[in-house]
Amino acid sequence: MKDWLNKKLNSKGPKKPGVKKSAAKPRGKQAKQIAKPTFNRWRFQFVIVSLAAVFTVLVSRAAYLQIIQPERLIKEGDNRTVRVKKTSVQRGMITDRNGVELAVSVPVQTIWADPKRALEYPEYENDVRWKALAKVLEMEEEELISRININQNKRFIYLKRKTNPVVADYVDALDIPGVHLREESKRYYPAGEIAAHVVGFTNIDGKGIEGVELRYDDWLVGTPSRRKVIKDAKGREIEVLEEEKGSAPKNVRLTIDQRIQALVYQELKKAVQTFEAASGSAIVVDVENAEVLAMVNSPSFNPNNRVNVAIHRFRNRAITDTFEPGSTMKPLSVINALDYGSFGTLDLVDTSPGYIRIGGRRIPDAKNRGMISLADVLKYSSNVGSTKLALSTPKESFLSLFYRMGLVDSSGIDLVGESTGLFNDARRWSDSEIASLSFGYNISVTAAQLARMYTTIAAGGVSKPLSIVKTDIEKPQEQIFSEDIARDVLNMMESVISAEGSGKNAVVKGYRVAGKTGTSQKATAGGYGHDYVNTFAGIGPVSDPRLAVVVVINDPKGDYYYGGETAAPTFGKIMRESLRMLNVAPDAQGDKKIQLAELKGPSSNVN
């Protein structure tokens, strides 16, 4: 049975007709047929097109980078090899007229970090040196570590700018990986708050942002030298491509006399505190050349430490704040009448019955003084007399004098933020408006503009712009009115300082001085309020004018709110000490014709 099954399995079955069995073929095996290779056209075309496309893209990209926009590659190459070196340039100095330093640059160290380098240090967060660094930088350790982690991809961050040498030495001794020192310069102001408003200050990057520092920033900065070089991978200098020499910074020499500046600051600060005033300003001008010897505001600030200082205290009120000058304008009424010829030096003005009505408005005096001289108009500060003098000439004559005296223009100090005052440019002025203008209303001026006006009177009618920086440029000047008129008005203003004058508290023992008080109410919505601005403007010595001084006391509190009570005594102290500092000889000794009043304290009914 088994043999029969094997025979059946090995049998091939019936033969197909017409097919011969090959003798060479072994039994049980089938022959393999070899397939003839065929050509696939679409695959070939796809490969060719793909290669052509890739080649075209590469060529196009290369052409774009090399021909159309090669700057990027050049820039990236330069970033790796080209370096620009700049020399550090210290900011120029600011000095007073005698060379006393008011602003200097001192070298300091800045603490900076390389976060990437710091993070490479193993377990840097647990290093006690970081805790010590945070403590000396006056910050929490977590805050310091957080700053490093946040800027982990940066190579430079500031930790503390322009620190003091003790802190810098301590940080250097810590020797923390990734923490370094960098030398910079810091602006230092030796005079502090005494000259703060004049000198101004710079920001953390050394750019002037107030005062002379801002106005003459380009002079003070200079230009650093510049070298453009190629370096290799090891930082070695291979070639110098460009070299440009810089310019040295210039020093700025002010007209300020630091001795007088300190004196004025001390007296003004004392007056502001004594009379509980909101603020005060004072200016001292050299009559001969219209140079500002002192310009002070109170309250002031310390430019070396401006932390938590209110921004309004940075304002130089002497050139920015305007006010109605009050009776300090009355000398212009006298000058205008004398210059036009409507009144003579010996003529009298009728002030009876102690008031005058113009356009339904009543303008009063403190009392009826009847017929008074031009000197008495100033001495007693008569509103009626001043009004009649102003209206005795054509309005155009009186108005033009304000323009020629520089009261509607810049004082010439040329600092950023200076105001040109407020003046009505209307073509038609009513008699009532002219009357108000004659005693210091309907116009607002700065302390600097008022100082320029009194400097012109002291200089014999010659008007010059004020200056605060010493230059070789000759100032323009104009003869506004005759020297004789200037001398006559100056002698008239001397009577203001007499025992009966409104400015008797401005007496300067040993010197003949002239001046005028001013008290003006501050304008409010719908009229005038109960706040006052007190001023005193004066000249000394009368025999040979050397100084013009203006003092402004803003909004004094208490019982004393007239210029003769607050600004006048401050003027007297400033004028006396300033003349002594300049070695000006006394001119009142042995003169029996001028009887100056002794300082007896504040009096009432003066303005």
# chains A, B, ... in the order shown; residues from 1 in each chain; ligands from 1

$ select_by_dssp --residues "region 291-478 of chain A" --states "strand (DSSP E)" --output "list in words"
Glu291, Val292, Leu293, Ala294, Met295, Val296, Asn297, Ser298, Leu348, Val349, Asp350, Tyr355, Ile356, Arg357, Ile358, Arg361, Arg362, Ile363, Pro364, Met371, Ile372, Ser373, Leu422, Phe423, Ile443, Ser444, Val462, Ser463 and Glu478 of chain A

$ write_last_selection --atoms "N, CA and C atoms" --output "short mmCIF file (atom, residue, chain, number, x, y, z; two decimals), in the first residue's frame"
data_model
loop_
_atom_site.label_atom_id
_atom_site.label_comp_id
_atom_site.auth_asym_id
_atom_site.auth_seq_id
_atom_site.Cartn_x
_atom_site.Cartn_y
_atom_site.Cartn_z
N GLU A 291 27.09 140.37 31.68
CA GLU A 291 27.35 138.98 32.03
C GLU A 291 26.68 138.63 33.36
N VAL A 292 26.06 137.47 33.41
CA VAL A 292 25.37 137.03 34.62
C VAL A 292 26.40 136.49 35.60
N LEU A 293 26.50 137.11 36.75
CA LEU A 293 27.44 136.68 37.78
C LEU A 293 26.83 135.64 38.72
N ALA A 294 25.52 135.66 38.83
CA ALA A 294 24.83 134.67 39.67
C ALA A 294 23.40 134.54 39.19
N MET A 295 22.91 133.31 39.18
CA MET A 295 21.51 133.05 38.86
C MET A 295 21.08 131.87 39.72
N VAL A 296 20.16 132.13 40.64
CA VAL A 296 19.83 131.17 41.69
C VAL A 296 18.32 131.02 41.79
N ASN A 297 17.89 129.80 42.13
CA ASN A 297 16.49 129.52 42.43
C ASN A 297 16.42 128.75 43.74
N SER A 298 15.32 128.95 44.44
CA SER A 298 15.08 128.20 45.67
C SER A 298 13.60 127.84 45.73
N LEU A 348 6.34 168.65 37.52
CA LEU A 348 5.55 168.00 38.54
C LEU A 348 4.35 167.29 37.91
N VAL A 349 3.86 166.27 38.62
CA VAL A 349 2.70 165.51 38.17
C VAL A 349 1.61 165.68 39.22
N ASP A 350 0.41 166.00 38.75
CA ASP A 350 -0.73 166.19 39.66
C ASP A 350 -1.38 164.84 39.92
N TYR A 355 -6.50 159.50 43.25
CA TYR A 355 -6.97 158.43 42.35
C TYR A 355 -7.27 159.05 40.99
N ILE A 356 -7.49 158.19 40.01
CA ILE A 356 -7.83 158.64 38.67
C ILE A 356 -8.81 157.65 38.07
N ARG A 357 -9.80 158.16 37.34
CA ARG A 357 -10.79 157.31 36.68
C ARG A 357 -10.52 157.29 35.19
N ILE A 358 -10.41 156.06 34.66
CA ILE A 358 -10.18 155.88 33.23
C ILE A 358 -11.13 154.80 32.73
N ARG A 361 -13.00 152.95 35.29
CA ARG A 361 -12.18 152.21 36.25
C ARG A 361 -11.47 153.19 37.17
N ARG A 362 -11.42 152.88 38.44
CA ARG A 362 -10.77 153.74 39.43
C ARG A 362 -9.39 153.19 39.77
N ILE A 363 -8.35 154.00 39.55
CA ILE A 363 -6.97 153.61 39.85
C ILE A 363 -6.50 154.46 41.02
N PRO A 364 -6.27 153.84 42.20
CA PRO A 364 -5.94 154.63 43.39
C PRO A 364 -4.45 154.64 43.72
N MET A 371 0.65 167.44 44.05
CA MET A 371 1.66 167.66 43.01
C MET A 371 2.98 167.04 43.48
N ILE A 372 3.48 166.11 42.69
CA ILE A 372 4.74 165.45 43.07
C ILE A 372 5.69 165.44 41.87
N SER A 373 6.98 165.32 42.17
CA SER A 373 8.00 165.27 41.12
C SER A 373 8.06 163.88 40.51
N LEU A 422 4.99 137.24 28.24
CA LEU A 422 3.67 137.39 27.62
C LEU A 422 3.37 138.87 27.46
N PHE A 423 3.00 139.24 26.23
CA PHE A 423 2.70 140.64 25.95
C PHE A 423 1.61 140.69 24.89
N ILE A 443 1.32 142.55 31.31
CA ILE A 443 2.57 142.03 30.77
C ILE A 443 3.14 141.04 31.78
N SER A 444 3.73 139.97 31.29
CA SER A 444 4.42 139.01 32.16
C SER A 444 5.84 138.85 31.66
N VAL A 462 22.11 151.77 27.13
CA VAL A 462 22.62 150.84 26.11
C VAL A 462 22.11 149.44 26.44
N SER A 463 21.39 148.85 25.51
CA SER A 463 20.83 147.52 25.71
C SER A 463 21.74 146.46 25.12
N GLU A 478 22.54 148.35 21.48
CA GLU A 478 21.70 149.40 20.90
C GLU A 478 21.45 150.47 21.95
#

$ select_by_dssp --residues "region 364-409 of chain A" --states "alpha helix (DSSP H)" --output "list in words"
Leu374, Ala375, Asp376, Val377, Leu378, Lys379, Asn383, Val384, Gly385, Ser386, Thr387, Lys388, Leu389, Ala390, Leu391, Lys395, Glu396, Ser397, Phe398, Leu399, Ser400, Leu401, Phe402, Tyr403 and Arg404 of chain A

$ atom_distance --atom1 "CA of Pro545 (chain A)" --atom2 "CA of Val252 (chain A)"
28.1 Å

$ closest_residue --among "A:Met93, A:Leu391, A:Ala271, A:Ala486" --to "Tyr560 (chain A)" --atoms "only C-alpha atoms"
A:Ala271

$ residues_around --residues "region 176-190 of chain A" --least-positions-apart "6" --cutoff "6 Å" --atoms "only C-alpha atoms" --output "PyMOL selection string"
chain A and resi 102-114+117-118

$ closest_residue --among "A:Asp339, A:Glu267, A:Glu565, A:Asp559" --to "Glu483 (chain A)" --atoms "only C-alpha atoms"
A:Asp339

$ atom_distance --atom1 "CA of Ala459 (chain A)" --atom2 "CA of Phe481 (chain A)"
10.7 Å

$ closest_residue --among "A:Met581, A:Ala523, A:Leu346, A:Leu254" --to "Asp376 (chain A)" --atoms "only C-alpha atoms"
A:Leu346
